[in-house]
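Just my_file14.txt here, compact mmCIF, N, CA and C atoms:
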# COMPACT_ATOMS: atom_id res chain seq x y z
N MET F 1 10.09 -28.67 -31.95
CA MET F 1 10.85 -27.62 -31.31
C MET F 1 12.26 -27.54 -31.90
N ILE F 2 12.84 -28.69 -32.19
CA ILE F 2 14.19 -28.68 -32.77
C ILE F 2 14.17 -28.01 -34.14
N LYS F 3 13.10 -28.24 -34.91
CA LYS F 3 12.99 -27.59 -36.22
C LYS F 3 12.95 -26.08 -36.06
N THR F 4 12.23 -25.61 -35.08
CA THR F 4 12.14 -24.17 -34.82
C THR F 4 13.48 -23.62 -34.36
N ALA F 5 14.18 -24.36 -33.54
CA ALA F 5 15.48 -23.90 -33.01
C ALA F 5 16.50 -23.68 -34.12
N ARG F 6 16.36 -24.37 -35.22
CA ARG F 6 17.30 -24.21 -36.34
C ARG F 6 17.21 -22.82 -36.96
N PHE F 7 16.09 -22.14 -36.78
CA PHE F 7 15.91 -20.82 -37.38
C PHE F 7 16.33 -19.68 -36.45
N VAL F 8 16.77 -20.00 -35.26
CA VAL F 8 17.21 -18.97 -34.31
C VAL F 8 18.57 -18.44 -34.77
N PRO F 9 18.73 -17.12 -34.79
CA PRO F 9 20.02 -16.57 -35.21
C PRO F 9 21.17 -17.03 -34.29
N VAL F 10 22.33 -17.12 -34.87
CA VAL F 10 23.51 -17.57 -34.12
C VAL F 10 23.82 -16.61 -32.98
N THR F 11 23.43 -15.36 -33.12
CA THR F 11 23.74 -14.35 -32.10
C THR F 11 22.77 -14.38 -30.92
N TYR F 12 21.72 -15.22 -31.01
CA TYR F 12 20.71 -15.28 -29.93
C TYR F 12 21.35 -15.79 -28.64
N VAL F 13 21.06 -15.09 -27.56
CA VAL F 13 21.51 -15.50 -26.23
C VAL F 13 20.26 -15.71 -25.39
N PRO F 14 20.03 -16.93 -24.92
CA PRO F 14 18.82 -17.18 -24.11
C PRO F 14 18.89 -16.42 -22.79
N PRO F 15 17.73 -16.11 -22.22
CA PRO F 15 17.73 -15.39 -20.93
C PRO F 15 18.34 -16.26 -19.83
N SER F 16 18.99 -15.59 -18.90
CA SER F 16 19.59 -16.31 -17.77
C SER F 16 18.50 -16.72 -16.79
N ARG F 17 18.85 -17.59 -15.88
CA ARG F 17 17.88 -18.00 -14.85
C ARG F 17 17.47 -16.82 -13.99
N LYS F 18 18.40 -15.87 -13.78
CA LYS F 18 18.05 -14.68 -13.00
C LYS F 18 17.05 -13.81 -13.75
N ASP F 19 17.21 -13.70 -15.07
CA ASP F 19 16.24 -12.95 -15.87
C ASP F 19 14.87 -13.62 -15.83
N ILE F 20 14.86 -14.95 -15.98
CA ILE F 20 13.59 -15.69 -15.98
C ILE F 20 12.90 -15.57 -14.64
N GLY F 21 13.64 -15.69 -13.56
CA GLY F 21 13.06 -15.61 -12.22
C GLY F 21 12.95 -14.19 -11.71
N GLY F 22 13.43 -13.23 -12.46
CA GLY F 22 13.41 -11.83 -12.03
C GLY F 22 12.56 -10.97 -12.93
N ARG F 23 13.23 -10.23 -13.79
CA ARG F 23 12.53 -9.22 -14.60
C ARG F 23 11.48 -9.82 -15.54
N LEU F 24 11.73 -10.98 -16.14
CA LEU F 24 10.74 -11.57 -17.04
C LEU F 24 9.52 -12.08 -16.27
N LEU F 25 9.75 -12.64 -15.10
CA LEU F 25 8.65 -13.09 -14.26
C LEU F 25 7.79 -11.90 -13.82
N ILE F 26 8.43 -10.83 -13.41
CA ILE F 26 7.71 -9.63 -12.99
C ILE F 26 6.93 -9.03 -14.16
N GLU F 27 7.55 -8.99 -15.32
CA GLU F 27 6.87 -8.45 -16.51
C GLU F 27 5.65 -9.31 -16.86
N ASN F 28 5.82 -10.62 -16.82
CA ASN F 28 4.71 -11.53 -17.10
C ASN F 28 3.57 -11.35 -16.09
N TYR F 29 3.93 -11.21 -14.81
CA TYR F 29 2.93 -10.99 -13.76
C TYR F 29 2.18 -9.68 -14.00
N ASN F 30 2.91 -8.62 -14.32
CA ASN F 30 2.27 -7.32 -14.54
C ASN F 30 1.32 -7.35 -15.73
N ILE F 31 1.70 -8.02 -16.80
CA ILE F 31 0.82 -8.16 -17.96
C ILE F 31 -0.43 -8.93 -17.57
N HIS F 32 -0.24 -10.03 -16.85
CA HIS F 32 -1.38 -10.85 -16.42
C HIS F 32 -2.34 -10.05 -15.54
N MET F 33 -1.81 -9.32 -14.57
CA MET F 33 -2.67 -8.55 -13.67
C MET F 33 -3.39 -7.42 -14.40
N THR F 34 -2.74 -6.81 -15.39
CA THR F 34 -3.39 -5.77 -16.18
C THR F 34 -4.57 -6.35 -16.95
N GLU F 35 -4.35 -7.51 -17.58
CA GLU F 35 -5.44 -8.17 -18.31
C GLU F 35 -6.56 -8.61 -17.37
N THR F 36 -6.20 -9.15 -16.22
CA THR F 36 -7.18 -9.61 -15.25
C THR F 36 -8.02 -8.45 -14.74
N THR F 37 -7.37 -7.35 -14.41
CA THR F 37 -8.08 -6.16 -13.92
C THR F 37 -9.03 -5.63 -14.99
N SER F 38 -8.56 -5.62 -16.22
CA SER F 38 -9.40 -5.15 -17.32
C SER F 38 -10.66 -6.01 -17.45
N LYS F 39 -10.50 -7.33 -17.35
CA LYS F 39 -11.66 -8.23 -17.43
C LYS F 39 -12.59 -8.03 -16.23
N LEU F 40 -12.01 -7.84 -15.05
CA LEU F 40 -12.84 -7.62 -13.87
C LEU F 40 -13.69 -6.36 -14.02
N LEU F 41 -13.10 -5.31 -14.54
CA LEU F 41 -13.79 -4.03 -14.63
C LEU F 41 -14.74 -3.94 -15.82
N GLN F 42 -14.60 -4.85 -16.79
CA GLN F 42 -15.49 -4.84 -17.94
C GLN F 42 -16.92 -5.12 -17.50
N ASP F 43 -17.81 -4.18 -17.72
CA ASP F 43 -19.22 -4.27 -17.33
C ASP F 43 -19.42 -4.46 -15.83
N ALA F 44 -18.47 -4.01 -15.01
CA ALA F 44 -18.60 -4.16 -13.55
C ALA F 44 -19.80 -3.39 -13.02
N GLU F 45 -20.15 -2.28 -13.66
CA GLU F 45 -21.31 -1.51 -13.20
C GLU F 45 -22.60 -2.27 -13.45
N LEU F 46 -22.59 -3.19 -14.41
CA LEU F 46 -23.77 -3.99 -14.72
C LEU F 46 -23.81 -5.29 -13.91
N PHE F 47 -22.69 -6.02 -13.90
CA PHE F 47 -22.64 -7.33 -13.25
C PHE F 47 -22.19 -7.27 -11.80
N GLY F 48 -21.50 -6.20 -11.41
CA GLY F 48 -20.97 -6.10 -10.06
C GLY F 48 -19.68 -6.89 -9.91
N LEU F 49 -19.07 -6.75 -8.75
CA LEU F 49 -17.84 -7.48 -8.43
C LEU F 49 -18.05 -8.22 -7.11
N THR F 50 -17.38 -9.35 -6.99
CA THR F 50 -17.44 -10.15 -5.77
C THR F 50 -16.04 -10.34 -5.24
N ALA F 51 -15.88 -10.18 -3.93
CA ALA F 51 -14.62 -10.50 -3.26
C ALA F 51 -14.84 -11.80 -2.50
N MET F 52 -13.90 -12.72 -2.64
CA MET F 52 -13.99 -14.02 -1.96
C MET F 52 -12.66 -14.30 -1.29
N GLY F 53 -12.71 -15.13 -0.27
CA GLY F 53 -11.46 -15.49 0.36
C GLY F 53 -11.63 -16.54 1.42
N ASP F 54 -10.49 -16.99 1.90
CA ASP F 54 -10.47 -17.99 2.95
C ASP F 54 -9.14 -17.91 3.66
N HIS F 55 -9.15 -18.22 4.93
CA HIS F 55 -7.93 -18.28 5.73
C HIS F 55 -7.49 -19.73 5.80
N THR F 56 -6.19 -19.93 5.76
CA THR F 56 -5.65 -21.27 5.88
C THR F 56 -4.28 -21.20 6.52
N THR F 57 -3.82 -22.31 7.02
CA THR F 57 -2.46 -22.42 7.53
C THR F 57 -1.80 -23.56 6.79
N ILE F 58 -0.72 -23.25 6.08
CA ILE F 58 0.02 -24.24 5.32
C ILE F 58 1.45 -24.26 5.84
N CYS F 59 1.86 -25.41 6.35
CA CYS F 59 3.21 -25.57 6.92
C CYS F 59 3.52 -24.46 7.93
N LYS F 60 2.57 -24.19 8.79
CA LYS F 60 2.69 -23.20 9.86
C LYS F 60 2.68 -21.75 9.37
N TYR F 61 2.34 -21.51 8.10
CA TYR F 61 2.23 -20.16 7.57
C TYR F 61 0.75 -19.76 7.52
N PRO F 62 0.36 -18.74 8.28
CA PRO F 62 -1.03 -18.27 8.23
C PRO F 62 -1.26 -17.42 6.98
N LEU F 63 -2.11 -17.92 6.09
CA LEU F 63 -2.32 -17.27 4.80
C LEU F 63 -3.79 -16.93 4.61
N THR F 64 -4.04 -15.90 3.81
CA THR F 64 -5.38 -15.54 3.41
C THR F 64 -5.40 -15.42 1.89
N ASN F 65 -6.21 -16.22 1.25
CA ASN F 65 -6.38 -16.15 -0.20
C ASN F 65 -7.48 -15.14 -0.51
N VAL F 66 -7.21 -14.21 -1.41
CA VAL F 66 -8.20 -13.20 -1.79
C VAL F 66 -8.42 -13.30 -3.29
N LEU F 67 -9.67 -13.57 -3.67
CA LEU F 67 -10.04 -13.68 -5.07
C LEU F 67 -11.15 -12.68 -5.37
N PHE F 68 -11.18 -12.19 -6.59
CA PHE F 68 -12.25 -11.33 -7.05
C PHE F 68 -12.89 -11.98 -8.27
N ALA F 69 -14.15 -11.68 -8.50
CA ALA F 69 -14.86 -12.19 -9.67
C ALA F 69 -15.77 -11.10 -10.21
N GLY F 70 -15.97 -11.16 -11.53
CA GLY F 70 -16.86 -10.23 -12.20
C GLY F 70 -17.55 -10.93 -13.34
N GLY F 71 -18.26 -10.19 -14.14
CA GLY F 71 -19.02 -10.76 -15.24
C GLY F 71 -18.16 -11.42 -16.31
N HIS F 72 -16.95 -10.94 -16.49
CA HIS F 72 -16.07 -11.48 -17.54
C HIS F 72 -14.81 -12.14 -16.98
N GLU F 73 -14.66 -12.16 -15.70
CA GLU F 73 -13.53 -12.83 -15.03
C GLU F 73 -14.11 -13.53 -13.82
N HIS F 74 -14.27 -14.84 -13.93
CA HIS F 74 -15.02 -15.58 -12.93
C HIS F 74 -14.23 -15.91 -11.67
N GLN F 75 -12.91 -15.93 -11.76
CA GLN F 75 -12.10 -16.10 -10.55
C GLN F 75 -10.70 -15.58 -10.84
N ALA F 76 -10.33 -14.58 -10.08
CA ALA F 76 -9.01 -13.97 -10.24
C ALA F 76 -8.34 -13.94 -8.87
N LEU F 77 -7.25 -14.66 -8.74
CA LEU F 77 -6.48 -14.62 -7.49
C LEU F 77 -5.78 -13.27 -7.44
N ILE F 78 -6.16 -12.45 -6.49
CA ILE F 78 -5.62 -11.10 -6.38
C ILE F 78 -4.40 -11.07 -5.46
N ASP F 79 -4.46 -11.81 -4.37
CA ASP F 79 -3.34 -11.81 -3.43
C ASP F 79 -3.44 -13.02 -2.52
N VAL F 80 -2.29 -13.44 -2.04
CA VAL F 80 -2.20 -14.41 -0.94
C VAL F 80 -1.46 -13.65 0.16
N ILE F 81 -2.18 -13.34 1.20
CA ILE F 81 -1.64 -12.52 2.29
C ILE F 81 -0.98 -13.43 3.31
N ASP F 82 0.30 -13.21 3.53
CA ASP F 82 1.06 -13.98 4.53
C ASP F 82 1.07 -13.17 5.83
N SER F 83 0.45 -13.71 6.86
CA SER F 83 0.34 -13.02 8.15
C SER F 83 1.40 -13.46 9.14
N SER F 84 2.45 -14.12 8.69
CA SER F 84 3.48 -14.65 9.59
C SER F 84 4.10 -13.58 10.45
N ASN F 85 4.52 -12.48 9.84
CA ASN F 85 5.18 -11.41 10.61
C ASN F 85 4.23 -10.80 11.63
N HIS F 86 2.99 -10.59 11.22
CA HIS F 86 1.98 -10.03 12.12
C HIS F 86 1.77 -10.94 13.32
N MET F 87 1.66 -12.23 13.06
CA MET F 87 1.44 -13.20 14.13
C MET F 87 2.68 -13.34 15.02
N ALA F 88 3.87 -13.23 14.42
CA ALA F 88 5.13 -13.39 15.16
C ALA F 88 5.31 -12.32 16.23
N ILE F 89 4.75 -11.13 16.01
CA ILE F 89 4.89 -10.06 17.00
C ILE F 89 3.70 -10.01 17.94
N GLY F 90 2.92 -11.09 17.93
CA GLY F 90 1.80 -11.19 18.87
C GLY F 90 0.47 -10.72 18.33
N GLY F 91 0.42 -10.39 17.05
CA GLY F 91 -0.83 -9.95 16.45
C GLY F 91 -1.80 -11.10 16.28
N VAL F 92 -3.05 -10.76 16.09
CA VAL F 92 -4.08 -11.77 15.85
C VAL F 92 -4.83 -11.39 14.58
N LYS F 93 -5.44 -12.39 13.96
CA LYS F 93 -6.24 -12.13 12.75
C LYS F 93 -7.65 -11.77 13.19
N ASP F 94 -7.76 -10.58 13.77
CA ASP F 94 -9.07 -10.11 14.19
C ASP F 94 -9.73 -9.32 13.06
N ALA F 95 -10.93 -8.83 13.31
CA ALA F 95 -11.71 -8.14 12.27
C ALA F 95 -10.96 -6.93 11.71
N ARG F 96 -10.35 -6.16 12.57
CA ARG F 96 -9.63 -4.96 12.12
C ARG F 96 -8.47 -5.32 11.20
N TYR F 97 -7.70 -6.33 11.59
CA TYR F 97 -6.55 -6.75 10.78
C TYR F 97 -7.02 -7.29 9.42
N ILE F 98 -8.01 -8.16 9.43
CA ILE F 98 -8.51 -8.76 8.19
C ILE F 98 -9.04 -7.69 7.26
N ALA F 99 -9.86 -6.78 7.78
CA ALA F 99 -10.40 -5.70 6.96
C ALA F 99 -9.29 -4.81 6.41
N SER F 100 -8.25 -4.55 7.22
CA SER F 100 -7.15 -3.69 6.78
C SER F 100 -6.35 -4.31 5.64
N LYS F 101 -6.40 -5.60 5.50
CA LYS F 101 -5.69 -6.28 4.42
C LYS F 101 -6.54 -6.41 3.16
N ILE F 102 -7.84 -6.58 3.30
CA ILE F 102 -8.71 -6.83 2.16
C ILE F 102 -9.22 -5.53 1.53
N MET F 103 -9.56 -4.54 2.35
CA MET F 103 -10.11 -3.29 1.82
C MET F 103 -9.20 -2.59 0.81
N PRO F 104 -7.90 -2.47 1.07
CA PRO F 104 -7.05 -1.81 0.07
C PRO F 104 -7.04 -2.52 -1.29
N LEU F 105 -7.15 -3.84 -1.28
CA LEU F 105 -7.21 -4.59 -2.53
C LEU F 105 -8.50 -4.26 -3.28
N MET F 106 -9.59 -4.17 -2.54
CA MET F 106 -10.88 -3.82 -3.15
C MET F 106 -10.86 -2.38 -3.67
N GLU F 107 -10.26 -1.47 -2.89
CA GLU F 107 -10.21 -0.06 -3.28
C GLU F 107 -9.32 0.15 -4.50
N ASP F 108 -8.28 -0.69 -4.67
CA ASP F 108 -7.43 -0.58 -5.86
C ASP F 108 -8.24 -0.85 -7.12
N ILE F 109 -9.14 -1.82 -7.06
CA ILE F 109 -9.96 -2.20 -8.21
C ILE F 109 -11.17 -1.27 -8.36
N ASP F 110 -11.74 -0.87 -7.25
CA ASP F 110 -12.99 -0.09 -7.25
C ASP F 110 -12.85 1.13 -6.34
N PRO F 111 -12.06 2.13 -6.77
CA PRO F 111 -11.81 3.28 -5.90
C PRO F 111 -13.06 4.09 -5.55
N LYS F 112 -14.06 4.08 -6.43
CA LYS F 112 -15.30 4.82 -6.16
C LYS F 112 -16.27 4.03 -5.29
N LYS F 113 -15.93 2.76 -5.03
CA LYS F 113 -16.75 1.88 -4.18
C LYS F 113 -18.17 1.73 -4.73
N GLU F 114 -18.26 1.58 -6.06
CA GLU F 114 -19.56 1.47 -6.71
C GLU F 114 -19.83 0.09 -7.31
N SER F 115 -18.81 -0.77 -7.40
CA SER F 115 -18.99 -2.02 -8.13
C SER F 115 -19.05 -3.26 -7.25
N PHE F 116 -18.33 -3.27 -6.14
CA PHE F 116 -18.38 -4.45 -5.28
C PHE F 116 -19.75 -4.54 -4.64
N ASP F 117 -20.41 -5.68 -4.87
CA ASP F 117 -21.74 -5.84 -4.29
C ASP F 117 -21.87 -7.11 -3.45
N MET F 118 -20.79 -7.91 -3.39
CA MET F 118 -20.87 -9.11 -2.57
C MET F 118 -19.48 -9.49 -2.07
N VAL F 119 -19.44 -9.96 -0.83
CA VAL F 119 -18.22 -10.49 -0.22
C VAL F 119 -18.57 -11.85 0.34
N VAL F 120 -17.78 -12.86 -0.02
CA VAL F 120 -18.03 -14.22 0.41
C VAL F 120 -16.79 -14.76 1.10
N PHE F 121 -16.89 -15.01 2.39
CA PHE F 121 -15.82 -15.63 3.16
C PHE F 121 -16.45 -16.73 4.00
N ASP F 122 -15.64 -17.38 4.79
CA ASP F 122 -16.19 -18.43 5.65
C ASP F 122 -16.96 -17.80 6.81
N GLY F 123 -17.53 -18.64 7.65
CA GLY F 123 -18.40 -18.15 8.71
C GLY F 123 -17.71 -17.84 10.03
N ALA F 124 -16.37 -17.82 10.06
CA ALA F 124 -15.67 -17.51 11.30
C ALA F 124 -16.10 -16.13 11.82
N ALA F 125 -16.27 -16.02 13.11
CA ALA F 125 -16.79 -14.79 13.71
C ALA F 125 -15.94 -13.57 13.37
N ASN F 126 -14.61 -13.70 13.46
CA ASN F 126 -13.75 -12.55 13.18
C ASN F 126 -13.83 -12.13 11.70
N VAL F 127 -14.01 -13.10 10.82
CA VAL F 127 -14.14 -12.79 9.39
C VAL F 127 -15.47 -12.10 9.12
N GLN F 128 -16.53 -12.58 9.73
CA GLN F 128 -17.84 -11.96 9.53
C GLN F 128 -17.85 -10.52 10.05
N LYS F 129 -17.16 -10.28 11.16
CA LYS F 129 -17.03 -8.90 11.66
C LYS F 129 -16.24 -8.05 10.69
N ALA F 130 -15.18 -8.62 10.13
CA ALA F 130 -14.37 -7.87 9.15
C ALA F 130 -15.19 -7.51 7.92
N VAL F 131 -16.02 -8.43 7.47
CA VAL F 131 -16.87 -8.17 6.31
C VAL F 131 -17.86 -7.04 6.63
N ARG F 132 -18.37 -6.99 7.85
CA ARG F 132 -19.27 -5.90 8.23
C ARG F 132 -18.52 -4.55 8.24
N VAL F 133 -17.25 -4.58 8.64
CA VAL F 133 -16.43 -3.36 8.59
C VAL F 133 -16.26 -2.92 7.13
N ILE F 134 -15.98 -3.87 6.26
CA ILE F 134 -15.82 -3.57 4.84
C ILE F 134 -17.13 -3.05 4.26
N ALA F 135 -18.24 -3.67 4.63
CA ALA F 135 -19.56 -3.26 4.12
C ALA F 135 -19.89 -1.82 4.50
N ALA F 136 -19.36 -1.36 5.62
CA ALA F 136 -19.59 0.03 6.02
C ALA F 136 -18.93 1.01 5.05
N ARG F 137 -17.88 0.57 4.36
CA ARG F 137 -17.16 1.42 3.41
C ARG F 137 -17.62 1.22 1.96
N PHE F 138 -18.25 0.09 1.68
CA PHE F 138 -18.75 -0.23 0.34
C PHE F 138 -20.26 -0.38 0.43
N PRO F 139 -21.00 0.67 0.14
CA PRO F 139 -22.44 0.71 0.42
C PRO F 139 -23.30 -0.32 -0.32
N LYS F 140 -22.83 -0.88 -1.44
CA LYS F 140 -23.65 -1.82 -2.20
C LYS F 140 -23.47 -3.28 -1.76
N LEU F 141 -22.63 -3.52 -0.77
CA LEU F 141 -22.28 -4.89 -0.40
C LEU F 141 -23.42 -5.69 0.20
N ILE F 142 -23.50 -6.94 -0.22
CA ILE F 142 -24.32 -7.95 0.42
C ILE F 142 -23.34 -8.88 1.10
N VAL F 143 -23.54 -9.17 2.36
CA VAL F 143 -22.62 -10.02 3.10
C VAL F 143 -23.16 -11.44 3.11
N CYS F 144 -22.33 -12.39 2.63
CA CYS F 144 -22.73 -13.80 2.58
C CYS F 144 -21.79 -14.62 3.45
N LYS F 145 -22.35 -15.66 4.09
CA LYS F 145 -21.53 -16.59 4.87
C LYS F 145 -21.14 -17.75 3.99

Translate this structure into structure tokens?
Amino acid sequence: MIKTARFVPVTYVPPSRKDIGGRLLIENYNIHMTETTSKLLQDAELFGLTAMGDHTTICKYPLTNVLFAGGHEHQALIDVIDSSNHMAIGGVKDARYIASKIMPLMEDIDPKKESFDMVVFDGAANVQKAVRVIAARFPKLIVCK
């Protein structure tokens, strides 16, 4: 690395910590998500898409991990949904709430609702109800526990 640093022009100014944690991080994230989405959609009509997730509480934060998979992208973390604000105002993670958080993510990837064919979550009753709500909007879905 030191050998490489010798070839850097004297006028080079390294990015600030704000740039690294701000605009460069956002740019890197956007590039990654574009590539991930492209891999998910590649041959999606042939292989289908799967939505997976799980609810967890970490340090008193109620979170939902949402992952998608396809023929060329076997696991893509799409979102980690923080339900803290919803719970703080007395909300519950019922079927309607869960479906309202997951469906828009699925619709962003598959607006025609033709590629998602499986949803895999845990067996909690409210989650299984949410998956049935989602299945009503995505006709090809197989619901798995």

query = If you run DSSP on the backbone, which residues of segment 51-120 of chain F are strand (DSSP E or B), as a VMD selection string?
reply = chain F and resid 51 to 58 61 to 69 76 to 82 116 to 120

Next, the residues of the selection above should be written as a PDB file, keeping the file's coordinate frame with N, CA and C atoms.
ATOM      1  N   ALA F  51     -15.880 -10.180  -3.930  1.00  0.00           N
ATOM      2  CA  ALA F  51     -14.620 -10.500  -3.260  1.00  0.00           C
ATOM      3  C   ALA F  51     -14.840 -11.800  -2.500  1.00  0.00           C
ATOM      4  N   MET F  52     -13.900 -12.720  -2.640  1.00  0.00           N
ATOM      5  CA  MET F  52     -13.990 -14.020  -1.960  1.00  0.00           C
ATOM      6  C   MET F  52     -12.660 -14.300  -1.290  1.00  0.00           C
ATOM      7  N   GLY F  53     -12.710 -15.130  -0.270  1.00  0.00           N
ATOM      8  CA  GLY F  53     -11.460 -15.490   0.360  1.00  0.00           C
ATOM      9  C   GLY F  53     -11.630 -16.540   1.420  1.00  0.00           C
ATOM     10  N   ASP F  54     -10.490 -16.990   1.900  1.00  0.00           N
ATOM     11  CA  ASP F  54     -10.470 -17.990   2.950  1.00  0.00           C
ATOM     12  C   ASP F  54      -9.140 -17.910   3.660  1.00  0.00           C
ATOM     13  N   HIS F  55      -9.150 -18.220   4.930  1.00  0.00           N
ATOM     14  CA  HIS F  55      -7.930 -18.280   5.730  1.00  0.00           C
ATOM     15  C   HIS F  55      -7.490 -19.730   5.800  1.00  0.00           C
ATOM     16  N   THR F  56      -6.190 -19.930   5.760  1.00  0.00           N
ATOM     17  CA  THR F  56      -5.650 -21.270   5.880  1.00  0.00           C
ATOM     18  C   THR F  56      -4.280 -21.200   6.520  1.00  0.00           C
ATOM     19  N   THR F  57      -3.820 -22.310   7.020  1.00  0.00           N
ATOM     20  CA  THR F  57      -2.460 -22.420   7.530  1.00  0.00           C
ATOM     21  C   THR F  57      -1.800 -23.560   6.790  1.00  0.00           C
ATOM     22  N   ILE F  58      -0.720 -23.250   6.080  1.00  0.00           N
ATOM     23  CA  ILE F  58       0.020 -24.240   5.320  1.00  0.00           C
ATOM     24  C   ILE F  58       1.450 -24.260   5.840  1.00  0.00           C
ATOM     25  N   TYR F  61       2.340 -21.510   8.100  1.00  0.00           N
ATOM     26  CA  TYR F  61       2.230 -20.160   7.570  1.00  0.00           C
ATOM     27  C   TYR F  61       0.750 -19.760   7.520  1.00  0.00           C
ATOM     28  N   PRO F  62       0.360 -18.740   8.280  1.00  0.00           N
ATOM     29  CA  PRO F  62      -1.030 -18.270   8.230  1.00  0.00           C
ATOM     30  C   PRO F  62      -1.260 -17.420   6.980  1.00  0.00           C
ATOM     31  N   LEU F  63      -2.110 -17.920   6.090  1.00  0.00           N
ATOM     32  CA  LEU F  63      -2.320 -17.270   4.800  1.00  0.00           C
ATOM     33  C   LEU F  63      -3.790 -16.930   4.610  1.00  0.00           C
ATOM     34  N   THR F  64      -4.040 -15.900   3.810  1.00  0.00           N
ATOM     35  CA  THR F  64      -5.380 -15.540   3.410  1.00  0.00           C
ATOM     36  C   THR F  64      -5.400 -15.420   1.890  1.00  0.00           C
ATOM     37  N   ASN F  65      -6.210 -16.220   1.250  1.00  0.00           N
ATOM     38  CA  ASN F  65      -6.380 -16.150  -0.200  1.00  0.00           C
ATOM     39  C   ASN F  65      -7.480 -15.140  -0.510  1.00  0.00           C
ATOM     40  N   VAL F  66      -7.210 -14.210  -1.410  1.00  0.00           N
ATOM     41  CA  VAL F  66      -8.200 -13.200  -1.790  1.00  0.00           C
ATOM     42  C   VAL F  66      -8.420 -13.300  -3.290  1.00  0.00           C
ATOM     43  N   LEU F  67      -9.670 -13.570  -3.670  1.00  0.00           N
ATOM     44  CA  LEU F  67     -10.040 -13.680  -5.070  1.00  0.00           C
ATOM     45  C   LEU F  67     -11.150 -12.680  -5.370  1.00  0.00           C
ATOM     46  N   PHE F  68     -11.180 -12.190  -6.590  1.00  0.00           N
ATOM     47  CA  PHE F  68     -12.250 -11.330  -7.050  1.00  0.00           C
ATOM     48  C   PHE F  68     -12.890 -11.980  -8.270  1.00  0.00           C
ATOM     49  N   ALA F  69     -14.150 -11.680  -8.500  1.00  0.00           N
ATOM     50  CA  ALA F  69     -14.860 -12.190  -9.670  1.00  0.00           C
ATOM     51  C   ALA F  69     -15.770 -11.100 -10.210  1.00  0.00           C
ATOM     52  N   ALA F  76     -10.330 -14.580 -10.080  1.00  0.00           N
ATOM     53  CA  ALA F  76      -9.010 -13.970 -10.240  1.00  0.00           C
ATOM     54  C   ALA F  76      -8.340 -13.940  -8.870  1.00  0.00           C
ATOM     55  N   LEU F  77      -7.250 -14.660  -8.740  1.00  0.00           N
ATOM     56  CA  LEU F  77      -6.480 -14.620  -7.490  1.00  0.00           C
ATOM     57  C   LEU F  77      -5.780 -13.270  -7.440  1.00  0.00           C
ATOM     58  N   ILE F  78      -6.160 -12.450  -6.490  1.00  0.00           N
ATOM     59  CA  ILE F  78      -5.620 -11.100  -6.380  1.00  0.00           C
ATOM     60  C   ILE F  78      -4.400 -11.070  -5.460  1.00  0.00           C
ATOM     61  N   ASP F  79      -4.460 -11.810  -4.370  1.00  0.00           N
ATOM     62  CA  ASP F  79      -3.340 -11.810  -3.430  1.00  0.00           C
ATOM     63  C   ASP F  79      -3.440 -13.020  -2.520  1.00  0.00           C
ATOM     64  N   VAL F  80      -2.290 -13.440  -2.040  1.00  0.00           N
ATOM     65  CA  VAL F  80      -2.200 -14.410  -0.940  1.00  0.00           C
ATOM     66  C   VAL F  80      -1.460 -13.650   0.160  1.00  0.00           C
ATOM     67  N   ILE F  81      -2.180 -13.340   1.200  1.00  0.00           N
ATOM     68  CA  ILE F  81      -1.640 -12.520   2.290  1.00  0.00           C
ATOM     69  C   ILE F  81      -0.980 -13.430   3.310  1.00  0.00           C
ATOM     70  N   ASP F  82       0.300 -13.210   3.530  1.00  0.00           N
ATOM     71  CA  ASP F  82       1.060 -13.980   4.530  1.00  0.00           C
ATOM     72  C   ASP F  82       1.070 -13.170   5.830  1.00  0.00           C
ATOM     73  N   PHE F 116     -18.330  -3.270  -6.140  1.00  0.00           N
ATOM     74  CA  PHE F 116     -18.380  -4.450  -5.280  1.00  0.00           C
ATOM     75  C   PHE F 116     -19.750  -4.540  -4.640  1.00  0.00           C
ATOM     76  N   ASP F 117     -20.410  -5.680  -4.870  1.00  0.00           N
ATOM     77  CA  ASP F 117     -21.740  -5.840  -4.290  1.00  0.00           C
ATOM     78  C   ASP F 117     -21.870  -7.110  -3.450  1.00  0.00           C
ATOM     79  N   MET F 118     -20.790  -7.910  -3.390  1.00  0.00           N
ATOM     80  CA  MET F 118     -20.870  -9.110  -2.570  1.00  0.00           C
ATOM     81  C   MET F 118     -19.480  -9.490  -2.070  1.00  0.00           C
ATOM     82  N   VAL F 119     -19.440  -9.960  -0.830  1.00  0.00           N
ATOM     83  CA  VAL F 119     -18.220 -10.490  -0.220  1.00  0.00           C
ATOM     84  C   VAL F 119     -18.570 -11.850   0.340  1.00  0.00           C
ATOM     85  N   VAL F 120     -17.780 -12.860  -0.020  1.00  0.00           N
ATOM     86  CA  VAL F 120     -18.030 -14.220   0.410  1.00  0.00           C
ATOM     87  C   VAL F 120     -16.790 -14.760   1.100  1.00  0.00           C
TER      88      VAL F 120
END

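Using only C-alpha atoms for every distance, the candidate list F:Val120, F:Ala99, F:Ile2, F:Leu141 yields F:Val120 as the residue closest to Met52 of chain F.
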
Contact residues around Leu105 of chain F with all atoms listed in the file at 8 Å, ignoring same-chain residues under 4 positions, as a JSON list (two decimals) with N, CA and C atoms, in the coordinates of the input:
[["chain", "number", "residue", "atom", "x", "y", "z"],
["F", 78, "ILE", "N", -6.16, -12.45, -6.49],
["F", 78, "ILE", "CA", -5.62, -11.10, -6.38],
["F", 78, "ILE", "C", -4.40, -11.07, -5.46],
["F", 79, "ASP", "N", -4.46, -11.81, -4.37],
["F", 79, "ASP", "CA", -3.34, -11.81, -3.43],
["F", 79, "ASP", "C", -3.44, -13.02, -2.52],
["F", 100, "SER", "N", -8.25, -4.55, 7.22],
["F", 100, "SER", "CA", -7.15, -3.69, 6.78],
["F", 100, "SER", "C", -6.35, -4.31, 5.64],
["F", 101, "LYS", "N", -6.40, -5.60, 5.50],
["F", 101, "LYS", "CA", -5.69, -6.28, 4.42],
["F", 101, "LYS", "C", -6.54, -6.41, 3.16],
["F", 109, "ILE", "N", -9.14, -1.82, -7.06],
["F", 109, "ILE", "CA", -9.96, -2.20, -8.21],
["F", 109, "ILE", "C", -11.17, -1.27, -8.36],
["F", 110, "ASP", "N", -11.74, -0.87, -7.25],
["F", 110, "ASP", "CA", -12.99, -0.09, -7.25],
["F", 110, "ASP", "C", -12.85, 1.13, -6.34]]
